[in-house]
Structures are given as C-alpha cells and as structure tokens.
file coords-v7.cif (mmCIF, C-alpha atoms)
data_data
loop_
_atom_site.label_atom_id
_atom_site.label_comp_id
_atom_site.auth_asym_id
_atom_site.auth_seq_id
_atom_site.Cartn_x
_atom_site.Cartn_y
_atom_site.Cartn_z
CA MET V 1 0.00 0.00 0.00
CA LYS V 2 1.32 3.42 -1.00
CA TYR V 3 0.60 6.53 1.03
CA VAL V 4 -2.27 7.55 -1.28
CA ASP V 5 -3.90 4.16 -0.73
CA PHE V 6 -4.68 5.28 2.83
CA VAL V 7 -6.93 8.06 1.48
CA ASN V 8 -10.60 7.31 0.84
CA LEU V 9 -12.77 10.42 0.87
CA SER V 10 -15.88 8.26 0.48
CA TYR V 11 -15.26 6.41 3.75
CA THR V 12 -17.81 6.86 6.53
CA PRO V 13 -16.26 6.37 9.98
CA LYS V 14 -17.68 3.63 12.16
CA PRO V 15 -18.93 4.39 15.70
CA THR V 16 -16.03 2.31 16.98
CA ASP V 17 -13.36 4.24 15.06
CA LEU V 18 -10.98 6.61 16.80
CA ILE V 19 -11.01 9.93 14.92
CA CYS V 20 -8.13 12.40 14.69
CA ASP V 21 -8.20 15.91 13.24
CA PHE V 22 -4.77 17.04 11.99
CA TYR V 23 -3.35 20.17 10.41
CA VAL V 24 -0.70 19.13 7.90
CA GLU V 25 1.79 20.94 5.66
CA PRO V 26 3.66 18.72 3.19
CA LEU V 27 7.28 19.15 2.16
CA GLY V 28 8.13 17.89 -1.31
CA ILE V 29 5.02 15.73 -1.73
CA THR V 30 1.36 16.42 -2.47
CA LEU V 31 -1.15 17.13 0.27
CA LYS V 32 -2.92 13.86 -0.53
CA GLU V 33 0.34 11.93 -0.15
CA ALA V 34 1.10 13.76 3.08
CA ALA V 35 -2.33 12.95 4.49
CA GLY V 36 -1.97 9.33 3.53
CA GLY V 37 1.54 9.30 4.98
CA VAL V 38 0.20 10.33 8.39
CA ALA V 39 -2.45 7.62 8.25
CA ALA V 40 0.02 5.00 7.06
CA GLU V 41 2.82 5.75 9.49
CA SER V 42 0.42 5.90 12.44
CA SER V 43 -1.24 2.58 11.60
CA VAL V 44 -0.06 -0.33 9.41
CA GLY V 45 1.98 1.32 6.65
CA THR V 46 5.45 2.73 6.11
CA TRP V 47 7.54 4.59 3.50
CA THR V 48 7.80 1.61 1.12
CA GLU V 49 5.56 -1.23 0.05
CA LEU V 50 5.80 -4.34 2.21
CA THR V 51 5.81 -8.02 1.37
CA THR V 52 4.60 -8.77 4.88
CA LEU V 53 1.38 -6.77 4.64
CA LYS V 54 -1.16 -9.57 4.75
CA PRO V 55 -4.76 -8.98 3.58
CA TYR V 56 -6.05 -9.23 7.14
CA VAL V 57 -3.58 -6.53 8.17
CA GLN V 58 -4.78 -4.20 5.43
CA LYS V 59 -8.21 -4.20 7.07
CA LEU V 60 -6.62 -2.43 10.06
CA ALA V 61 -5.34 0.49 8.00
CA ALA V 62 -6.22 4.00 9.10
CA THR V 63 -8.23 5.97 6.55
CA VAL V 64 -8.07 9.64 5.62
CA PHE V 65 -11.73 10.45 5.02
CA SER V 66 -11.64 14.24 4.84
CA ILE V 67 -9.24 16.80 3.35
CA LYS V 68 -10.27 20.44 3.63
CA GLY V 69 -7.44 22.81 2.96
CA ASN V 70 -4.61 21.68 5.22
CA ASN V 71 -6.99 20.06 7.70
CA ILE V 72 -7.39 16.32 7.44
CA LYS V 73 -9.42 13.77 9.40
CA ILE V 74 -8.29 10.19 9.92
CA ALA V 75 -10.29 7.23 11.19
CA TYR V 76 -8.46 4.45 13.03
CA PRO V 77 -10.01 1.01 13.62
CA ILE V 78 -10.41 0.37 17.34
CA GLU V 79 -8.54 -2.92 16.96
CA LEU V 80 -5.30 -0.93 16.65
CA PHE V 81 -5.43 0.08 20.30
CA GLU V 82 -5.17 -1.62 23.66
CA PRO V 83 -7.95 -0.54 26.04
CA SER V 84 -6.89 1.41 29.12
CA ASN V 85 -3.45 2.11 27.63
CA MET V 86 -3.08 5.80 26.83
CA PRO V 87 0.65 5.58 26.05
CA ASN V 88 -0.17 2.99 23.38
CA ILE V 89 -2.88 5.19 21.89
CA LEU V 90 -0.73 8.30 21.80
CA SER V 91 2.37 6.47 20.56
CA SER V 92 0.28 5.53 17.53
CA ILE V 93 -1.57 8.71 16.63
CA ALA V 94 0.92 11.23 18.06
CA GLY V 95 4.22 9.41 17.80
CA ASN V 96 6.75 9.09 14.96
CA VAL V 97 4.48 10.95 12.54
CA PHE V 98 5.67 14.28 13.94
CA GLY V 99 9.19 13.53 12.76
CA LEU V 100 8.43 12.64 9.14
CA ARG V 101 10.81 14.45 6.78
CA ALA V 102 8.06 14.81 4.18
CA LEU V 103 6.03 16.98 6.56
CA LYS V 104 6.91 20.62 7.20
CA ASN V 105 4.34 20.86 9.98
CA LEU V 106 1.84 18.54 11.66
CA ARG V 107 -0.52 19.36 14.50
CA LEU V 108 -3.02 17.11 16.25
CA ASN V 109 -5.94 19.46 16.81
CA ASP V 110 -8.58 17.06 18.10
CA ILE V 111 -9.17 13.47 19.08
CA ILE V 112 -12.43 11.59 19.46
CA LEU V 113 -12.20 8.27 21.23
CA PRO V 114 -14.98 5.69 20.82
CA LYS V 115 -17.10 4.74 23.81
CA GLN V 116 -15.36 1.42 24.34
CA LEU V 117 -11.95 3.05 24.74
CA VAL V 118 -13.20 5.95 26.86
CA GLN V 119 -14.93 3.65 29.29
CA SER V 120 -11.82 1.50 29.69
CA PHE V 121 -10.39 4.36 31.80
CA LYS V 122 -11.64 5.50 35.20
CA GLY V 123 -12.31 9.15 34.39
CA PRO V 124 -12.70 11.80 37.13
CA LYS V 125 -13.59 10.57 40.61
CA TYR V 126 -14.96 13.92 41.82
CA GLY V 127 -15.36 16.38 38.99
CA ILE V 128 -17.17 19.69 39.40
CA ASP V 129 -20.01 18.37 41.56
CA GLY V 130 -17.71 16.40 43.82
CA VAL V 131 -15.38 19.34 44.43
CA ARG V 132 -18.31 21.64 45.20
CA LYS V 133 -19.74 19.11 47.65
CA LEU V 134 -16.36 18.77 49.33
CA LEU V 135 -16.06 22.52 49.86
CA GLY V 136 -19.72 23.28 50.38
CA VAL V 137 -19.56 26.08 47.82
CA HIS V 138 -22.27 25.83 45.17
CA ASP V 139 -23.09 29.25 43.79
CA ARG V 140 -19.86 31.05 42.95
CA PRO V 141 -16.40 30.47 41.50
CA LEU V 142 -13.84 29.05 43.87
CA VAL V 143 -11.16 31.55 44.82
CA GLY V 144 -7.65 30.23 45.01
CA THR V 145 -4.05 31.28 45.21
CA ILE V 146 -0.58 29.88 44.60
CA ILE V 147 2.09 30.29 47.24
CA LYS V 148 4.47 33.02 46.06
CA PRO V 149 7.35 33.22 45.69
CA LYS V 150 6.96 29.85 44.05
CA LEU V 151 10.28 28.61 45.43
CA GLY V 152 12.49 29.56 48.36
CA LEU V 153 10.12 29.98 51.31
CA LYS V 154 10.91 27.92 54.39
CA THR V 155 8.20 25.60 55.65
CA ALA V 156 6.89 27.83 58.43
CA ASP V 157 6.68 30.85 56.14
CA HIS V 158 5.00 28.78 53.42
CA ALA V 159 2.34 27.62 55.88
CA LYS V 160 1.82 31.17 57.17
CA VAL V 161 1.24 32.50 53.64
CA ALA V 162 -1.32 29.74 53.13
CA TYR V 163 -3.07 30.63 56.38
CA ASP V 164 -3.20 34.32 55.47
CA ALA V 165 -4.76 33.49 52.11
CA TRP V 166 -7.39 31.23 53.69
CA VAL V 167 -8.46 33.66 56.39
CA GLY V 168 -8.58 36.43 53.81
CA GLY V 169 -11.15 34.52 51.80
CA CYS V 170 -9.42 31.99 49.56
CA ASP V 171 -11.02 28.57 49.32
CA VAL V 172 -7.92 27.05 47.78
CA VAL V 173 -4.18 27.31 48.32
CA LYS V 174 -1.81 25.36 46.12
CA ASP V 175 1.88 24.72 45.70
CA ASP V 176 3.45 25.92 42.50
CA GLU V 177 4.49 23.44 39.85
CA ASN V 178 8.18 23.34 40.72
CA LEU V 179 7.88 23.05 44.50
CA SER V 180 8.67 19.47 45.44
CA SER V 181 10.74 18.43 48.46
CA GLN V 182 13.66 20.80 48.33
CA ARG V 183 15.92 21.13 51.36
CA PHE V 184 14.51 24.52 52.32
CA ASN V 185 10.93 23.16 52.38
CA PRO V 186 10.76 19.34 52.72
CA PHE V 187 7.53 17.73 51.52
CA GLU V 188 6.44 15.96 54.70
CA ASP V 189 7.20 18.93 56.93
CA ARG V 190 5.27 21.20 54.56
CA ILE V 191 2.21 18.96 54.49
CA VAL V 192 1.99 18.75 58.27
CA ALA V 193 2.54 22.47 58.85
CA THR V 194 0.25 23.68 56.07
CA LEU V 195 -2.62 21.36 56.95
CA GLU V 196 -2.39 22.51 60.56
CA MET V 197 -2.82 26.06 59.30
CA ARG V 198 -5.73 24.92 57.14
CA ASP V 199 -7.48 23.49 60.18
CA ARG V 200 -6.89 26.72 62.05
CA ALA V 201 -8.28 28.78 59.18
CA GLU V 202 -11.36 26.57 58.93
CA SER V 203 -12.00 26.97 62.64
CA GLU V 204 -11.71 30.74 62.46
CA THR V 205 -13.69 31.30 59.25
CA GLY V 206 -16.30 28.55 59.42
CA GLU V 207 -15.51 27.71 55.77
CA LYS V 208 -14.01 24.58 54.25
CA LYS V 209 -10.49 25.14 52.94
CA VAL V 210 -8.29 22.98 50.75
CA TYR V 211 -4.55 22.68 50.21
CA MET V 212 -3.37 21.40 46.84
CA ALA V 213 -0.11 19.69 47.73
CA ASN V 214 2.21 19.09 44.78
CA ILE V 215 3.16 15.41 44.94
CA THR V 216 4.97 15.43 41.57
CA SER V 217 7.87 12.98 41.56
CA GLU V 218 8.80 9.48 40.41
CA THR V 219 5.62 7.40 40.29
CA GLN V 220 6.17 5.20 43.34
CA GLU V 221 7.23 8.25 45.34
CA MET V 222 4.04 10.03 44.25
CA ILE V 223 1.98 7.14 45.59
CA LYS V 224 3.78 7.44 48.95
CA ARG V 225 3.25 11.20 48.99
CA ALA V 226 -0.43 10.88 48.14
CA GLN V 227 -0.86 8.45 51.00
CA PHE V 228 0.96 10.85 53.33
CA VAL V 229 -1.39 13.67 52.33
CA LEU V 230 -4.40 11.44 52.92
CA ASP V 231 -3.10 10.19 56.28
CA HIS V 232 -2.75 13.77 57.49
CA GLY V 233 -6.23 14.88 56.53
CA GLY V 234 -5.50 16.33 53.11
CA ARG V 235 -8.21 16.42 50.46
CA TYR V 236 -6.21 17.18 47.32
CA MET V 237 -3.15 16.10 45.41
CA MET V 238 -1.60 18.14 42.62
CA ILE V 239 0.25 16.50 39.73
CA ASP V 240 2.27 18.07 36.91
CA ILE V 241 0.64 15.73 34.44
CA LEU V 242 2.85 16.34 31.40
CA THR V 243 6.24 16.22 33.06
CA CYS V 244 5.14 13.12 35.00
CA GLY V 245 3.54 11.55 31.96
CA PHE V 246 0.12 10.06 31.35
CA SER V 247 1.20 6.61 32.49
CA ALA V 248 2.18 7.97 35.91
CA LEU V 249 -1.06 9.93 36.06
CA GLN V 250 -3.06 6.80 35.32
CA THR V 251 -1.16 4.85 37.96
CA LEU V 252 -2.12 7.47 40.54
CA ARG V 253 -5.74 7.43 39.40
CA GLU V 254 -5.83 3.63 39.59
CA GLN V 255 -4.94 3.82 43.29
CA ASN V 256 -8.39 5.38 43.81
CA PHE V 257 -7.24 7.65 46.63
CA ASP V 258 -9.93 9.73 48.30
CA LEU V 259 -8.11 12.81 47.02
CA VAL V 260 -9.12 15.28 44.34
CA ILE V 261 -6.62 15.29 41.47
CA HIS V 262 -5.60 18.81 40.52
CA ALA V 263 -3.85 18.68 37.15
CA HIS V 264 -1.18 21.28 36.45
CA ARG V 265 -0.19 21.52 32.79
CA ALA V 266 3.44 22.64 33.24
CA GLY V 267 5.24 22.24 29.91
CA HIS V 268 2.12 22.21 27.75
CA ALA V 269 3.25 25.11 25.57
CA ALA V 270 6.09 22.97 24.22
CA PHE V 271 3.31 20.99 22.51
CA THR V 272 0.54 23.56 22.13
CA LYS V 273 1.93 27.03 21.44
CA ASN V 274 2.81 26.52 17.76
CA THR V 275 -0.57 26.49 16.03
CA LYS V 276 0.86 24.60 13.04
CA HIS V 277 2.83 21.88 14.78
CA GLY V 278 2.46 19.79 17.91
CA ILE V 279 -0.61 18.87 19.94
CA SER V 280 -3.45 21.17 20.97
CA MET V 281 -4.34 21.77 24.60
CA LYS V 282 -7.81 20.56 23.69
CA VAL V 283 -6.37 17.09 23.08
CA ILE V 284 -4.39 17.19 26.32
CA ALA V 285 -7.54 18.22 28.20
CA LYS V 286 -9.53 15.33 26.74
CA VAL V 287 -6.83 12.79 27.51
CA ALA V 288 -6.41 14.05 31.09
CA ARG V 289 -10.16 13.91 31.65
CA ILE V 290 -10.46 10.40 30.27
CA ILE V 291 -7.64 9.18 32.51
CA GLY V 292 -9.29 10.82 35.49
CA VAL V 293 -8.24 14.30 36.66
CA ASP V 294 -10.83 16.32 38.57
CA GLN V 295 -9.67 19.82 37.73
CA LEU V 296 -7.33 21.24 35.11
CA HIS V 297 -5.69 24.49 34.09
CA VAL V 298 -7.35 25.53 30.82
CA GLY V 299 -6.13 29.10 30.26
CA THR V 300 -7.50 32.49 31.16
CA VAL V 301 -8.42 34.61 28.08
CA VAL V 302 -7.14 37.53 30.16
CA GLY V 303 -3.87 37.54 32.11
CA LYS V 304 -0.30 36.72 31.10
CA MET V 305 -0.76 33.51 29.09
CA SER V 306 -0.74 33.48 25.30
CA GLU V 307 -3.81 31.39 24.41
CA THR V 308 -6.60 32.97 22.42
CA LYS V 309 -10.22 33.14 23.47
CA ASP V 310 -11.09 30.42 20.96
CA GLU V 311 -8.37 28.13 22.27
CA VAL V 312 -9.43 28.56 25.89
CA SER V 313 -13.04 27.99 24.86
CA GLU V 314 -12.06 24.69 23.23
CA ASN V 315 -10.13 23.65 26.35
CA LEU V 316 -13.13 24.53 28.48
CA GLN V 317 -15.55 22.54 26.34
CA ALA V 318 -13.24 19.53 26.36
CA SER V 319 -13.42 19.62 30.15
CA ILE V 320 -17.19 19.82 30.52
CA GLU V 321 -18.92 18.52 27.38
CA PRO V 322 -20.84 15.22 27.57
CA LEU V 323 -18.44 12.29 27.15
CA TYR V 324 -19.96 8.85 27.66
CA GLY V 325 -20.94 9.54 31.26
CA LEU V 326 -17.60 10.97 32.44
CA LYS V 327 -17.86 13.63 35.14
CA LYS V 328 -17.11 17.23 34.22
CA VAL V 329 -13.63 18.49 35.02
CA LEU V 330 -13.49 21.73 37.02
CA PRO V 331 -11.69 24.34 34.88
CA VAL V 332 -8.94 26.40 36.49
CA ALA V 333 -7.99 29.87 35.26
CA SER V 334 -4.47 30.82 36.29
CA GLY V 335 -1.73 33.13 35.08
CA GLY V 336 -1.48 36.88 35.69
CA LEU V 337 -4.90 37.27 37.34
CA TYR V 338 -5.96 40.02 39.76
CA PRO V 339 -9.30 41.42 41.00
CA GLY V 340 -9.71 43.81 38.08
CA VAL V 341 -10.09 40.96 35.57
CA VAL V 342 -12.71 39.03 37.60
CA PRO V 343 -15.70 40.48 35.67
CA ALA V 344 -14.19 39.36 32.36
CA LEU V 345 -13.34 35.94 33.77
CA MET V 346 -16.84 35.35 35.11
CA LYS V 347 -18.42 36.57 31.89
CA PHE V 348 -16.42 33.94 30.01
CA PHE V 349 -16.41 31.02 32.48
CA GLY V 350 -19.62 31.59 34.44
CA THR V 351 -19.37 30.31 38.00
CA ASP V 352 -18.08 26.75 37.56
CA PHE V 353 -14.35 27.42 37.66
CA VAL V 354 -11.45 28.26 39.95
CA ILE V 355 -9.90 31.74 39.93
CA GLN V 356 -6.28 30.92 40.75
CA ALA V 357 -4.30 34.11 41.42
CA GLY V 358 -0.75 34.24 42.77
CA GLY V 359 0.82 37.65 42.37
CA GLY V 360 -2.67 39.15 42.11
CA ILE V 361 -3.18 38.26 45.78
CA HIS V 362 0.28 38.34 47.32
CA GLY V 363 1.19 41.52 45.45
CA HIS V 364 -1.63 43.47 47.13
CA SER V 365 -0.36 46.57 48.92
CA GLY V 366 -2.02 45.40 52.14
CA GLY V 367 -0.48 41.93 52.06
CA THR V 368 -1.86 38.45 51.49
CA VAL V 369 -4.89 38.66 53.79
CA ALA V 370 -6.05 41.86 52.13
CA GLY V 371 -5.24 40.45 48.69
CA ALA V 372 -7.44 37.41 49.27
CA THR V 373 -10.20 39.57 50.68
CA GLY V 374 -10.05 41.87 47.68
CA MET V 375 -10.39 38.93 45.31
CA ARG V 376 -13.44 37.58 47.14
CA GLN V 377 -14.92 41.08 47.10
CA ALA V 378 -14.44 41.25 43.33
CA VAL V 379 -16.37 37.97 42.96
CA ASP V 380 -19.12 39.23 45.28
CA ALA V 381 -19.43 42.44 43.27
CA VAL V 382 -20.01 40.56 40.04
CA LEU V 383 -22.52 38.21 41.65
CA GLN V 384 -24.45 41.25 42.91
CA GLY V 385 -24.40 42.88 39.49
CA LEU V 386 -22.25 45.79 40.63
CA SER V 387 -19.20 47.29 39.01
CA LEU V 388 -15.92 46.79 40.84
CA GLU V 389 -15.55 50.55 41.17
CA GLU V 390 -18.96 50.90 42.81
CA TYR V 391 -18.41 47.98 45.18
CA ALA V 392 -14.93 49.21 46.06
CA LYS V 393 -16.38 52.39 47.56
CA SER V 394 -17.39 50.40 50.64
CA HIS V 395 -14.75 47.65 50.45
CA LYS V 396 -11.27 49.01 51.02
CA GLU V 397 -9.34 45.83 50.09
CA LEU V 398 -10.89 45.83 46.64
CA GLN V 399 -10.22 49.53 46.27
CA GLN V 400 -6.58 49.00 47.19
CA ALA V 401 -6.34 46.24 44.59
CA LEU V 402 -7.80 48.49 41.92
CA ASN V 403 -5.25 51.11 42.85
CA VAL V 404 -2.36 48.62 42.53
CA TRP V 405 -3.45 47.05 39.23
CA LYS V 406 -4.97 49.71 37.01
#

call {"tool": "encode", "arguments": {"input": "coords-v7.cif", "output": "structure tokens"}}
result
Amino acid sequence: MKYVDFVNLSYTPKPTDLICDFYVEPLGITLKEAAGGVAAESSVGTWTELTTLKPYVQKLAATVFSIKGNNIKIAYPIELFEPSNMPNILSSIAGNVFGLRALKNLRLNDIILPKQLVQSFKGPKYGIDGVRKLLGVHDRPLVGTIIKPKLGLKTADHAKVAYDAWVGGCDVVKDDENLSSQRFNPFEDRIVATLEMRDRAESETGEKKVYMANITSETQEMIKRAQFVLDHGGRYMMIDILTCGFSALQTLREQNFDLVIHAHRAGHAAFTKNTKHGISMKVIAKVARIIGVDQLHVGTVVGKMSETKDEVSENLQASIEPLYGLKKVLPVASGGLYPGVVPALMKFFGTDFVIQAGGGIHGHSGGTVAGATGMRQAVDAVLQGLSLEEYAKSHKELQQALNVWK
C-alpha cells in the first residue's frame, strides 16, 4: 500500500473508530500523499511497500476520510489500540508521525475516542459536583491562590502564607508546579505544617479550605506522597501531568485515593503554542479527563498567558462537554490574574471554575490577607451585578487592589 492508498474520501467512519483531526503541511510531496503518509505511518503502513502486509492486516489500516485545505481527518479502527493504555494510543496517533521528513508541519488538533476506549479508563472521581460538595460552595467560583514566591520559602513561612490566604477569603491554596521536596521546604514537613494552618483557618472562618499539595515525583514516590497527604487529613493532590507523563497519572488514578486530582499543565506550551505543529491543549484536556483528573488548568483569556479566546473555549468545552458519562472536570484559570479581571473571567467562564491568582493576591499593597479579601470582594461584586468601582467604595481591600493594578 502506498501513502495515497490510505486516502478514501468516500469512507464513513464507524462508531467504533478513533477519529483524529490534523493540520498538515507537506514538504516535497502532495497534500494527498502527506495525508496518507500520516495515516500509514500511524497505523499499518510505512515509507515503502511491504511483502509482509497480509490482507487481514490491510483491514486495520487508518483511513483519511476528509481533506479540507490543510486540515485532514483520519479514522483508526479500534482494533489498533489496547484498552486502558493511553501511552499505546498516543504512541500511535501522536508518535513518529511528527518527525516525518516529508512533513513541514503537523498538528493534532482534536481526538475523538470511541465509547469502548473511553470507558476503559476510570475518568474523574470527583469532577465539578464532587469538588463543590467537598467545599460546600455551590453558587460562585472558587477563589484560590498559589504560594508566592513559588520557590524559596521555608516551611513555616510557606504555611503562614497559606493561612493568610485562607483567612482572607481563599477557598484554595496550592503549591506551584516546581515546589517538590527541596531542602529549604521538605515535603512531609510542609504537608503537616500547612494542613495545621488549614485546620486553624477553617476553625476561624467557618468555611471549608483545601490545600493542593504538589506530589509530583517518580511514580512510586508520588503514591507514597499521596498516602501521606491522605493520612494527614488532606483532600487534594496536585500533579504536573505532562512532566510526570500520562502513564504515571493513570497509575495514581488507579490507586483510587480519596483525594481530588488537581492537574497542572506545566510544559504544555512545548506541545501547544505553535498552532501549526504539535498537539493542541484541547487534546491534552480530553486525555487528562479520560484518565481521570478532577480539575485542570485551561487558560484564562485575560492575564499573562498566550492562548486565544477560541483556544481557551475549546479547552473549556473539552473539560465539561458530555463524554460517555464521564464527570465534568473543574476548569482552572491561572496566570497573571488580579481582581480587576474578575468580571471578564466570570463573563467567560460563568461560576463553575477556579480563579487561581498568585501575584494578584500576594502583590496586594495590604499583604496576602487583604489580597485574598479583595479577590473575594471582586467575585461578590459581580454576583451582585455591581461594578468593581462601585463595590470598592465600601470595600477598602478591593479599592486597594484596583489602585495597585490599574
């Protein structure tokens, strides 16, 4: 079979097919050959004709069934994939094809897994409804912060920053993606100290509070750390899902800990930022949801990150759209956020999301407590249909925030 033999624009995908949507730019070959090359090299073909390609193998060939401009769609027979094995799936559809010399650019923009494959994974244990039940917050966005500076604080100071954020009004405090178990802030010491401060904050505020402890490490070590968090009354674990890998993520999910999985997407832009090559965040969001994260960073629209409104919208939909009974993943907006952008965030996301602000809380002129209070006040203003400026007249922390970030 030549590359063009993998193209059949009359083919109608079966319900059991896995569908991929690629953007492709050929280099030295026709678009049809390039499309067929992607299908061939990601299924049963290769650069030359084979004597070993039996007739029964040909039936497993992927098929290009749509070519519109540089966008192509490929259907893969489900028999090509092992259930409950995401590395196998991605090694096929998003593996060697990215390195083909005959392709100038290739980007996997979307993936649709058939029901049988989706349901071979656990999916989210908690999702939006489970997280809301855990916190007892049902009618507003969750307000969260990241400990800043992201690295360098000693354990006692880290725990004190967390406490200040909670008593100021944050529901959520999380470690940053590169805080692990460094000498200045060892993991076990941090968990004990920070959860003690969480308990104190809950007692003083009468609100449920959560600490997202970053357990990112080698897989067996992550299991130990998750158990440590659970044993000390923690409710969350945070995983850098891309630097750990989807196999490690699935191993953690298979343990079925009574811990919400907060998925940080550190490193995603290496795959997603080039709109002509790589893998879209939409695909990463779908894969993470299928494996079983409960909440995921999806972008902000506003703030310091580069994603467009359309891209963030796609990431959001991938997290919450109906998917064979899987629970909805709670979207997290994070990156350069402060009280002044809350109206725009809530207009875009609604109320089912987490506002995760680091510098926009700890950079407040009145300190962390005032920064957290100002952020909650911004949310309250929007919920009451008031402008931030109007609400700030009787809420000094919000007014101070508006003065800092104009």

call {"tool": "residues_around", "arguments": {"input": "coords-v7.cif", "residues": "segment 39-50 of chain V", "least_positions_apart": "3", "cutoff": "12 Å", "atoms": "only C-alpha atoms", "output": "NGL selection string"}}
result
:V and (1-8 or 18-22 or 24 or 32-36 or 53-66 or 72-81 or 88-102)

call {"tool": "resolve_selection", "arguments": {"input": "coords-v7.cif", "expression": "the PyMOL selection byres ((chain V and resi 188-199) around 9)", "output": "list of chain:residue names"}}
result
V:Lys154, V:Thr155, V:Ala156, V:His158, V:Ala159, V:Lys160, V:Ala162, V:Tyr163, V:Trp166, V:Ser181, V:Asn185, V:Pro186, V:Phe187, V:Arg200, V:Ala201, V:Glu202, V:Ser203, V:Glu204, V:Lys208, V:Lys209, V:Val210, V:Tyr211, V:Ala213, V:Arg225, V:Phe228, V:Val229, V:His232, V:Gly233, V:Gly234

call {"tool": "atom_distance", "arguments": {"input": "coords-v7.cif", "atom1": "atom CA of Ile147 of chain V", "atom2": "atom CA of Pro343 of chain V"}}
result
23.5 Å

call {"tool": "closest_residue", "arguments": {"input": "coords-v7.cif", "among": "V:Ile112, V:Ile239, V:Val342, V:Met222", "to": "Asp175 of chain V", "atoms": "all atoms listed in the file"}}
result
V:Ile239

call {"tool": "closest_residue", "arguments": {"input": "coords-v7.cif", "among": "V:Leu142, V:Val167, V:Val382, V:Leu179", "to": "Asp352 of chain V", "atoms": "only C-alpha atoms"}}
result
V:Leu142

call {"tool": "atom_distance", "arguments": {"input": "coords-v7.cif", "atom1": "atom CA of Val329 of chain V", "atom2": "atom CA of Lys14 of chain V"}}
result
27.6 Å

call {"tool": "closest_residue", "arguments": {"input": "coords-v7.cif", "among": "V:Ala318, V:Ala401, V:Leu108, V:Val38", "to": "Phe271 of chain V", "atoms": "all atoms listed in the file"}}
result
V:Leu108

call {"tool": "resolve_selection", "arguments": {"input": "coords-v7.cif", "expression": "the PyMOL selection byres ((chain V and resi 380) around 12)", "output": "PyMOL selection string"}}
result
chain V and resi 139-143+169+339+342-343+346+351+373-379+381-388+390-392+395+398

call {"tool": "residues_around", "arguments": {"input": "coords-v7.cif", "residues": "Ser84 of chain V", "least_positions_apart": "6", "cutoff": "8 Å", "atoms": "all atoms listed in the file", "output": "list in words"}}
result
Leu117, Ser120 and Phe121 of chain V

call {"tool": "residues_around", "arguments": {"input": "coords-v7.cif", "residues": "Val301 of chain V", "least_positions_apart": "3", "cutoff": "12 Å", "atoms": "only C-alpha atoms", "output": "ChimeraX atom specification"}}
result
/V:298,304-316,332-337,341-342,344-349

call {"tool": "residues_around", "arguments": {"input": "coords-v7.cif", "residues": "Asn178 of chain V", "least_positions_apart": "3", "cutoff": "9 Å", "atoms": "only C-alpha atoms", "output": "NGL selection string"}}
result
:V and (150-151 or 175 or 214 or 216 or 240 or 266)

call {"tool": "residues_around", "arguments": {"input": "coords-v7.cif", "residues": "Pro331 of chain V", "least_positions_apart": "4", "cutoff": "10 Å", "atoms": "all atoms listed in the file", "output": "PyMOL selection string"}}
result
chain V and resi 127-128+262-263+285+294-300+315-320+349+352-355

call {"tool": "write_last_selection", "arguments": {"input": "coords-v7.cif", "atoms": "C-alpha atoms", "output": "CSV table (one decimal), keeping the file's coordinate frame"}}
result
chain,number,residue,atom,x,y,z
V,127,GLY,CA,-15.4,16.4,39.0
V,128,ILE,CA,-17.2,19.7,39.4
V,262,HIS,CA,-5.6,18.8,40.5
V,263,ALA,CA,-3.8,18.7,37.2
V,285,ALA,CA,-7.5,18.2,28.2
V,294,ASP,CA,-10.8,16.3,38.6
V,295,GLN,CA,-9.7,19.8,37.7
V,296,LEU,CA,-7.3,21.2,35.1
V,297,HIS,CA,-5.7,24.5,34.1
V,298,VAL,CA,-7.4,25.5,30.8
V,299,GLY,CA,-6.1,29.1,30.3
V,300,THR,CA,-7.5,32.5,31.2
V,315,ASN,CA,-10.1,23.6,26.4
V,316,LEU,CA,-13.1,24.5,28.5
V,317,GLN,CA,-15.6,22.5,26.3
V,318,ALA,CA,-13.2,19.5,26.4
V,319,SER,CA,-13.4,19.6,30.2
V,320,ILE,CA,-17.2,19.8,30.5
V,349,PHE,CA,-16.4,31.0,32.5
V,352,ASP,CA,-18.1,26.8,37.6
V,353,PHE,CA,-14.4,27.4,37.7
V,354,VAL,CA,-11.4,28.3,40.0
V,355,ILE,CA,-9.9,31.7,39.9

call {"tool": "atom_distance", "arguments": {"input": "coords-v7.cif", "atom1": "atom CA of Pro26 of chain V", "atom2": "atom CA of Pro114 of chain V"}}
result
28.8 Å

call {"tool": "closest_residue", "arguments": {"input": "coords-v7.cif", "among": "V:Leu135, V:Ile284, V:Leu31, V:Ile290", "to": "Tyr324 of chain V", "atoms": "all atoms listed in the file"}}
result
V:Ile290

call {"tool": "resolve_selection", "arguments": {"input": "coords-v7.cif", "expression": "the PyMOL selection byres ((chain V and resi 252) around 12)", "output": "PyMOL selection string"}}
result
chain V and resi 122+124-125+215-227+237-239+241+244-251+253-263+291-293

call {"tool": "closest_residue", "arguments": {"input": "coords-v7.cif", "among": "V:Ile146, V:Val118, V:Cys170, V:Leu153", "to": "Glu82 of chain V", "atoms": "all atoms listed in the file"}}
result
V:Val118
